[in-house]
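A.B. asks: After the structure tokens below, expect a handful of questions from me.
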Amino acid sequence: MKRLIASLACLSAVGLGAGLTAGSTPPLTTAAEGQEQYAVDGSHSVVWFRIKHLGVSWAYGRFNDVKGSFSIHEDYPEASSVEVTVQAASVDTNDKGRDEHLRSPDFLSAKEFPTLRFESTSVSKEGDRWTVEGQLSFHGVTRTITMDAVHVGSGPDPWGGQRAGFEGTFQVNAKDYELDWILENEGALGAEISVTVSLEGILQR
Amino acid sequence: MNAALAQALGGVLAPALLSATALATAWRPEKSPAEAPRPSTSLWGAPLALGLGYAAGHLGTHGWPSFPHHVGIKQGLFYVAVVLCAWGLGEALFPLGSKLRLLGRAALCAWVPWFLLGFQREHAWGPSAAWLWSAGLAAALFALLSSQAPLSRRTNAAANLTAWVLVGILASGALHLSGSTSLAQLTGALVCPLGVMLPIALRRPSFSLERGGDLCLVLLFGGLLMAGVYAGELPPLAALALALAQPAGWLACWVRPGRLRSLTVVLVPLLLAALALWIARDSQPPSSPYG
């Protein structure tokens, strides 16, 4: 018992000392305190992609089923994180036949690899620009990508909640993800795929 | 190089040339009619031609698969072809007792679906369903494999091979119609060596796929159908018709030996494969209004 009391006394002294030290510097939240955790609102979030068609135009498509979460910390941006999971079968290019082909083993092989997943490993911020580095996994391959993102806005919603939105873009190469059909049919589709991730999150209290 | 030309060279010419080279290497001069009959090529010619031909077709159309980790069922099929080719060569060069041989073949029939359909176990099947499906597919492959050699012996090797070529071509068409060009190409890569073997079988009735060739052919064909159904959108009924097409040649055993029997060996599988093509065509998604 004596030992326990002594330990508590030591801890209090350390805590008091820490408090005094903190009092001498500008008040900052800790990384854990200022963290705001958001759940991705799937009906207001989307993943867009575009790829060059025949070298003459951009063909656009989107994934409709987007889930995930992100946390932001204004004081410690490096403590922020994001993870997004997209259902491969939800690909939509406004053409049923083409969507079936995109789900087939020629492209995404959606039955074999049902999800596309991004998980951040580091986040940094310079001015209004966020740089998010992370692991992007799809078609059985995981690679590190870097996404440039902007904070679109934050604010209350009409239902008493709080929302925040981000939009990020990055490039992937068909070769990196072994998308054979694109590589075999050189010229039909460009190897570079540009992806835009637009997320709206609801603050989790 | 034009993409279509590159596809034709890689997917058709390369497998045809490699399998022709394998068969030429295994070629044996024909003995005089008085001597005891023997196969017109060494027994290892067929598994080598099929394995090399398929692998060349894969490399020509899809490039080298990643190793050791493979990306998806298409790359998995490449490794299956390599293993089957090696096993087939082993069977041809070092004949085992019939029980050991059957045991080895049963093990391969169990391994192929287990290896290729890992994603189904991960995403779709529970533990019991995984065991049931794997056992069912293994049994089906073993039954198909076991029906091949006796059918070829009781009917006509050339007619049997002709049926395989036709079924393979229509299977490739069915896979294409069900949405996967790459699986159709890979099926084409399997048909190429068969096409090269056909003139040999027509000229020399003693030509045989036994001892390894049948193993490569049936298990690779089965693997492609599994890929079509589980990874692609090949309707299961079409896959069933394609799987049953070749064994349906057994119906020819009820026909009197001769031309009519040989014709039946070709026509019955052809009809079933045509049915599969029709089913696959019917299940196509509607064409786009945007072209």
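Each chain in the structure tokens gets a letter, A, B, ..., in the order shown, and its residues are numbered from 1; ligands are numbered from 1 in order too.
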Could you please tell me, as a VMD selection string, which residues of chain A have an atom within 7 Å of chain B when using only C-alpha atoms?
C.D. replies: chain A and resid 95 to 97 100 to 101 104 to 106 109 111 to 112 140 180 184 to 186
A.B. asks: Enumerate as a PyMOL selection string all residues of region 11-198 of chain A assigned to strand (DSSP E) by DSSP on the backbone, naming them with the chain letters and numbers the document uses.
C.D. replies: chain A and resi 36-40+46-53+57-63+66-72+81-87+91-92+115-126+129-138+141-156+162-173+189-198
A.B. asks: Just list the residues in region 66-141 of chain B DSSP gives alpha helix (DSSP H) on the backbone, as a PyMOL selection string.
C.D. replies: chain B and resi 72-93+98-116+118-123+127-141
A.B. asks: Under the rule that only C-alpha atoms are counted, which of B:Val255, B:Leu50, B:Ala276, B:Leu18 is the nearest residue to Gly212 (chain B)?
C.D. replies: B:Leu50
A.B. asks: Figure out the distance between CA of Arg163 (chain A) and CA of Glu78 (chain A), please, to one decimal in Å.
C.D. replies: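 If I compute the distance from CA of Glu78 (chain A) to CA of Arg163 (chain A), I get 20.4 Å.
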A.B. asks: Work out how far apart CA of Ser71 (chain A) and CA of Glu36 (chain A) are and give it in Å to one decimal.
C.D. replies: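 Those two atoms sit 5.2 Å apart.
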A.B. asks: Nearest to Lys175 (chain A) among A:Phe107, A:Phe63, A:Ser154, A:Val46, with distances taken over only C-alpha atoms: which residue is it?
C.D. replies: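 Selected residue with least distance to Lys175 (chain A): A:Phe107.
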A.B. asks: Determine, counting only C-alpha atoms, which protein, DNA and RNA residues have an atom within 6 Å of an atom of Glu133 (chain A); residues of the same chain fewer than 2 positions away are not included. Present the result as a compact mmCIF listing (two decimals) with N, CA, C and O atoms, in the first residue's frame.
C.D. replies:
# COMPACT_ATOMS: atom_id res chain seq x y z
N SER A 120 -3.71 5.47 -45.68
CA SER A 120 -2.59 6.43 -45.60
C SER A 120 -1.50 5.93 -44.65
O SER A 120 -1.78 5.23 -43.67
N THR A 121 -0.27 6.30 -44.96
CA THR A 121 0.84 5.97 -44.06
C THR A 121 1.47 7.26 -43.52
O THR A 121 2.06 7.24 -42.44
N SER A 122 1.34 8.35 -44.27
CA SER A 122 1.83 9.62 -43.74
C SER A 122 1.05 10.77 -44.37
O SER A 122 0.63 10.68 -45.53
N ILE A 145 1.40 5.14 -53.15
CA ILE A 145 1.07 6.28 -54.03
C ILE A 145 1.05 7.56 -53.20
O ILE A 145 0.91 7.51 -51.98
N THR A 146 1.16 8.67 -53.88
CA THR A 146 1.09 9.97 -53.20
C THR A 146 -0.07 10.76 -53.78
O THR A 146 -0.19 10.89 -55.01
A.B. asks: Could you list, as a list in words, every residue within 8 Å of Ala14 (chain B), counting only C-alpha atoms and ignoring same-chain residues fewer than 2 positions away?
C.D. replies: Leu9, Gly10, Gly11, Val12, Ala16, Leu17, Leu18, Gly53, Ala56, Gly57 and Gly60 of chain B
A.B. asks: Next, dump the selected residues to file, keeping only C-alpha atoms, as a tab-separated table (two decimals), in the first residue's frame.
C.D. replies:
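What follows is the written file selection.tsv:
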chain	number	residue	atom	x	y	z
B	9	LEU	CA	2.07	-13.44	-83.20
B	10	GLY	CA	2.19	-13.89	-79.44
B	11	GLY	CA	-1.06	-15.75	-78.96
B	12	VAL	CA	-1.13	-18.02	-82.02
B	16	ALA	CA	2.07	-23.15	-82.61
B	17	LEU	CA	5.81	-22.90	-83.35
B	18	LEU	CA	6.90	-24.04	-79.91
B	53	GLY	CA	2.46	-24.13	-76.30
B	56	ALA	CA	4.16	-19.49	-74.86
B	57	GLY	CA	0.64	-18.28	-75.61
B	60	GLY	CA	2.91	-13.83	-75.84
A.B. asks: Can you work out which one of A:Arg62, A:Arg205, A:Lys52, A:His73 has the shortest atom-to-atom distance to Gln87 (chain A), counting only C-alpha atoms?
C.D. replies: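 With only C-alpha atoms as the atom set, the closest residue is A:Arg62.
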A.B. asks: Using only C-alpha atoms, I'd like a table of the residues in region 123-145 of chain B that come within 12 Å of region 92-104 of chain B; for each, show the closest atom pair and its distance in Å rounded to one decimal, ordered by chain and ascending number, as CSV.
C.D. replies:
residue,atom,partner,partner_atom,distance
B:Phe142,CA,B:Leu102,CA,9.3
B:Ala143,CA,B:Leu102,CA,11.5
B:Leu145,CA,B:Leu102,CA,10.4
A.B. asks: Could those selected residues go to a file with all heavy atoms, as a compact mmCIF listing (two decimals), in the first residue's frame?
C.D. replies:
# COMPACT_ATOMS: atom_id res chain seq x y z
N PHE B 142 -11.32 -35.34 -62.20
CA PHE B 142 -10.80 -36.70 -62.25
C PHE B 142 -11.64 -37.57 -63.18
O PHE B 142 -11.11 -38.38 -63.95
CB PHE B 142 -10.74 -37.29 -60.83
CG PHE B 142 -10.00 -38.58 -60.76
CD1 PHE B 142 -8.61 -38.60 -60.92
CD2 PHE B 142 -10.66 -39.78 -60.55
CE1 PHE B 142 -7.90 -39.79 -60.87
CE2 PHE B 142 -9.96 -40.97 -60.49
CZ PHE B 142 -8.58 -40.98 -60.66
N ALA B 143 -12.96 -37.37 -63.10
CA ALA B 143 -13.86 -38.15 -63.98
C ALA B 143 -13.59 -37.80 -65.44
O ALA B 143 -13.51 -38.69 -66.31
CB ALA B 143 -15.31 -37.87 -63.61
N LEU B 145 -10.88 -36.57 -66.75
CA LEU B 145 -9.55 -37.05 -67.12
C LEU B 145 -9.57 -38.56 -67.37
O LEU B 145 -9.00 -39.05 -68.36
CB LEU B 145 -8.57 -36.70 -65.98
CG LEU B 145 -7.13 -37.10 -66.14
CD1 LEU B 145 -6.55 -36.50 -67.41
CD2 LEU B 145 -6.31 -36.63 -64.94
A.B. asks: Between CA of Leu151 (chain B) and CA of Ala252 (chain B), what is the distance in Å, rounded to a tenth?
C.D. replies: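 The value is 9.2 Å.
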A.B. asks: Counting only C-alpha atoms, what is within 10 Å of His53 (chain A), bar same-chain residues fewer than 4 positions away, as a PyMOL selection string?
C.D. replies: chain A and resi 57-60+187-190
A.B. asks: List the neighbours of Trp48 (chain A) out to 10 Å using only C-alpha atoms; skip same-chain residues closer than 5 positions along the sequence, and give me the result as a PDB file with C-alpha atoms, in the first residue's frame.
C.D. replies:
ATOM      1  CA  TYR A  60     -14.469   8.918 -67.461  1.00  0.00           C
ATOM      2  CA  GLY A  61     -15.802   6.431 -64.964  1.00  0.00           C
ATOM      3  CA  ARG A  62     -16.627   6.266 -61.293  1.00  0.00           C
ATOM      4  CA  PHE A  63     -16.998   3.861 -58.413  1.00  0.00           C
ATOM      5  CA  ASN A  64     -20.310   4.306 -56.673  1.00  0.00           C
ATOM      6  CA  VAL A  91     -17.670   0.638 -61.399  1.00  0.00           C
ATOM      7  CA  ASP A  92     -19.899   2.784 -63.582  1.00  0.00           C
ATOM      8  CA  THR A  93     -18.987   4.285 -66.948  1.00  0.00           C
ATOM      9  CA  THR A 169      -5.954  13.291 -56.972  1.00  0.00           C
ATOM     10  CA  SER A 194      -5.880   9.667 -63.239  1.00  0.00           C
ATOM     11  CA  VAL A 195      -7.953   9.155 -60.081  1.00  0.00           C
ATOM     12  CA  THR A 196      -9.898  11.708 -58.076  1.00  0.00           C
ATOM     13  CA  VAL A 197     -11.169  10.836 -54.620  1.00  0.00           C
ATOM     14  CA  SER A 198     -13.876  13.131 -53.308  1.00  0.00           C
TER      15      SER A 198
END
A.B. asks: With a distance cut-off of 12 Å and only C-alpha atoms, select the neighbouring residues of Tyr79 (chain B), excluding the residue or stretch itself and same-chain residues fewer than 5 positions from it, and output the selection as a PyMOL selection string.
C.D. replies: chain B and resi 51-52+54-55+58-59+64-74+84-86+111-112+115-116+216+220+223
A.B. asks: Filtering to N, CA and C atoms, could you give me those residues as a PDB file, in the first residue's frame?
C.D. replies:
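Output below, filename result15.pdb:
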ATOM      1  N   GLY B  51       2.157 -28.132 -72.813  1.00  0.00           N
ATOM      2  CA  GLY B  51       2.632 -27.246 -71.743  1.00  0.00           C
ATOM      3  C   GLY B  51       3.385 -26.056 -72.312  1.00  0.00           C
ATOM      4  N   LEU B  52       4.319 -26.330 -73.241  1.00  0.00           N
ATOM      5  CA  LEU B  52       5.109 -25.232 -73.831  1.00  0.00           C
ATOM      6  C   LEU B  52       4.230 -24.307 -74.657  1.00  0.00           C
ATOM      7  N   TYR B  54       0.992 -23.712 -74.417  1.00  0.00           N
ATOM      8  CA  TYR B  54       0.119 -22.868 -73.590  1.00  0.00           C
ATOM      9  C   TYR B  54       0.941 -21.760 -72.923  1.00  0.00           C
ATOM     10  N   ALA B  55       2.098 -22.168 -72.374  1.00  0.00           N
ATOM     11  CA  ALA B  55       2.938 -21.180 -71.676  1.00  0.00           C
ATOM     12  C   ALA B  55       3.383 -20.086 -72.652  1.00  0.00           C
ATOM     13  N   HIS B  58       0.577 -17.753 -73.252  1.00  0.00           N
ATOM     14  CA  HIS B  58       0.383 -16.864 -72.098  1.00  0.00           C
ATOM     15  C   HIS B  58       1.419 -15.738 -72.127  1.00  0.00           C
ATOM     16  N   LEU B  59       2.670 -16.117 -72.351  1.00  0.00           N
ATOM     17  CA  LEU B  59       3.733 -15.100 -72.360  1.00  0.00           C
ATOM     18  C   LEU B  59       3.536 -14.123 -73.510  1.00  0.00           C
ATOM     19  N   TRP B  64       5.308 -12.016 -68.727  1.00  0.00           N
ATOM     20  CA  TRP B  64       5.722 -12.883 -67.620  1.00  0.00           C
ATOM     21  C   TRP B  64       4.838 -12.659 -66.408  1.00  0.00           C
ATOM     22  N   PRO B  65       4.385 -13.728 -65.808  1.00  0.00           N
ATOM     23  CA  PRO B  65       3.610 -13.531 -64.578  1.00  0.00           C
ATOM     24  C   PRO B  65       4.542 -13.192 -63.420  1.00  0.00           C
ATOM     25  N   SER B  66       3.995 -12.493 -62.431  1.00  0.00           N
ATOM     26  CA  SER B  66       4.849 -12.173 -61.289  1.00  0.00           C
ATOM     27  C   SER B  66       5.145 -13.450 -60.488  1.00  0.00           C
ATOM     28  N   PHE B  67       6.281 -13.446 -59.830  1.00  0.00           N
ATOM     29  CA  PHE B  67       6.700 -14.621 -59.072  1.00  0.00           C
ATOM     30  C   PHE B  67       7.408 -14.152 -57.810  1.00  0.00           C
ATOM     31  N   PRO B  68       7.226 -14.742 -56.656  1.00  0.00           N
ATOM     32  CA  PRO B  68       6.437 -15.947 -56.391  1.00  0.00           C
ATOM     33  C   PRO B  68       4.941 -15.662 -56.268  1.00  0.00           C
ATOM     34  N   HIS B  69       4.620 -14.387 -55.938  1.00  0.00           N
ATOM     35  CA  HIS B  69       3.205 -14.067 -55.768  1.00  0.00           C
ATOM     36  C   HIS B  69       2.565 -13.902 -57.142  1.00  0.00           C
ATOM     37  N   HIS B  70       1.462 -14.574 -57.405  1.00  0.00           N
ATOM     38  CA  HIS B  70       0.828 -14.380 -58.698  1.00  0.00           C
ATOM     39  C   HIS B  70      -0.419 -13.526 -58.539  1.00  0.00           C
ATOM     40  N   VAL B  71      -0.664 -12.731 -59.565  1.00  0.00           N
ATOM     41  CA  VAL B  71      -1.820 -11.842 -59.533  1.00  0.00           C
ATOM     42  C   VAL B  71      -2.964 -12.498 -60.275  1.00  0.00           C
ATOM     43  N   GLY B  72      -3.843 -13.119 -59.554  1.00  0.00           N
ATOM     44  CA  GLY B  72      -5.071 -13.596 -60.142  1.00  0.00           C
ATOM     45  C   GLY B  72      -4.984 -14.943 -60.835  1.00  0.00           C
ATOM     46  N   ILE B  73      -6.149 -15.365 -61.259  1.00  0.00           N
ATOM     47  CA  ILE B  73      -6.315 -16.724 -61.773  1.00  0.00           C
ATOM     48  C   ILE B  73      -5.607 -16.922 -63.121  1.00  0.00           C
ATOM     49  N   LYS B  74      -5.492 -15.848 -63.921  1.00  0.00           N
ATOM     50  CA  LYS B  74      -4.827 -15.997 -65.233  1.00  0.00           C
ATOM     51  C   LYS B  74      -3.368 -16.358 -65.040  1.00  0.00           C
ATOM     52  N   LEU B  84       1.796 -28.984 -64.722  1.00  0.00           N
ATOM     53  CA  LEU B  84       1.205 -30.103 -65.476  1.00  0.00           C
ATOM     54  C   LEU B  84       2.173 -30.615 -66.540  1.00  0.00           C
ATOM     55  N   CYS B  85       2.873 -29.680 -67.178  1.00  0.00           N
ATOM     56  CA  CYS B  85       3.840 -30.082 -68.202  1.00  0.00           C
ATOM     57  C   CYS B  85       4.941 -30.939 -67.562  1.00  0.00           C
ATOM     58  N   ALA B  86       5.437 -30.488 -66.419  1.00  0.00           N
ATOM     59  CA  ALA B  86       6.497 -31.240 -65.731  1.00  0.00           C
ATOM     60  C   ALA B  86       5.985 -32.608 -65.295  1.00  0.00           C
ATOM     61  N   TRP B 111      -5.484 -30.474 -56.513  1.00  0.00           N
ATOM     62  CA  TRP B 111      -4.641 -29.274 -56.356  1.00  0.00           C
ATOM     63  C   TRP B 111      -5.082 -28.131 -57.281  1.00  0.00           C
ATOM     64  N   VAL B 112      -5.435 -28.473 -58.521  1.00  0.00           N
ATOM     65  CA  VAL B 112      -5.737 -27.412 -59.506  1.00  0.00           C
ATOM     66  C   VAL B 112      -6.853 -26.479 -59.014  1.00  0.00           C
ATOM     67  N   PHE B 115      -5.680 -24.501 -55.893  1.00  0.00           N
ATOM     68  CA  PHE B 115      -4.698 -23.461 -56.205  1.00  0.00           C
ATOM     69  C   PHE B 115      -5.346 -22.264 -56.904  1.00  0.00           C
ATOM     70  N   LEU B 116      -6.236 -22.571 -57.843  1.00  0.00           N
ATOM     71  CA  LEU B 116      -6.795 -21.487 -58.657  1.00  0.00           C
ATOM     72  C   LEU B 116      -7.896 -20.702 -57.953  1.00  0.00           C
ATOM     73  N   CYS B 216      -2.411 -32.717 -69.134  1.00  0.00           N
ATOM     74  CA  CYS B 216      -2.239 -31.281 -69.409  1.00  0.00           C
ATOM     75  C   CYS B 216      -3.506 -30.706 -70.026  1.00  0.00           C
ATOM     76  N   LEU B 220      -5.939 -28.221 -67.809  1.00  0.00           N
ATOM     77  CA  LEU B 220      -5.852 -26.816 -68.234  1.00  0.00           C
ATOM     78  C   LEU B 220      -7.205 -26.329 -68.758  1.00  0.00           C
ATOM     79  N   GLY B 223      -9.315 -25.783 -65.843  1.00  0.00           N
ATOM     80  CA  GLY B 223      -8.902 -24.552 -65.153  1.00  0.00           C
ATOM     81  C   GLY B 223      -9.437 -23.312 -65.861  1.00  0.00           C
TER      82      GLY B 223
END
A.B. asks: A:Pro114, A:Gly34, A:Gly168, A:Gly55: which is nearest Phe138 (chain A), counting only C-alpha atoms?
C.D. replies: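 Distance minimum relative to Phe138 (chain A) lands on A:Pro114.
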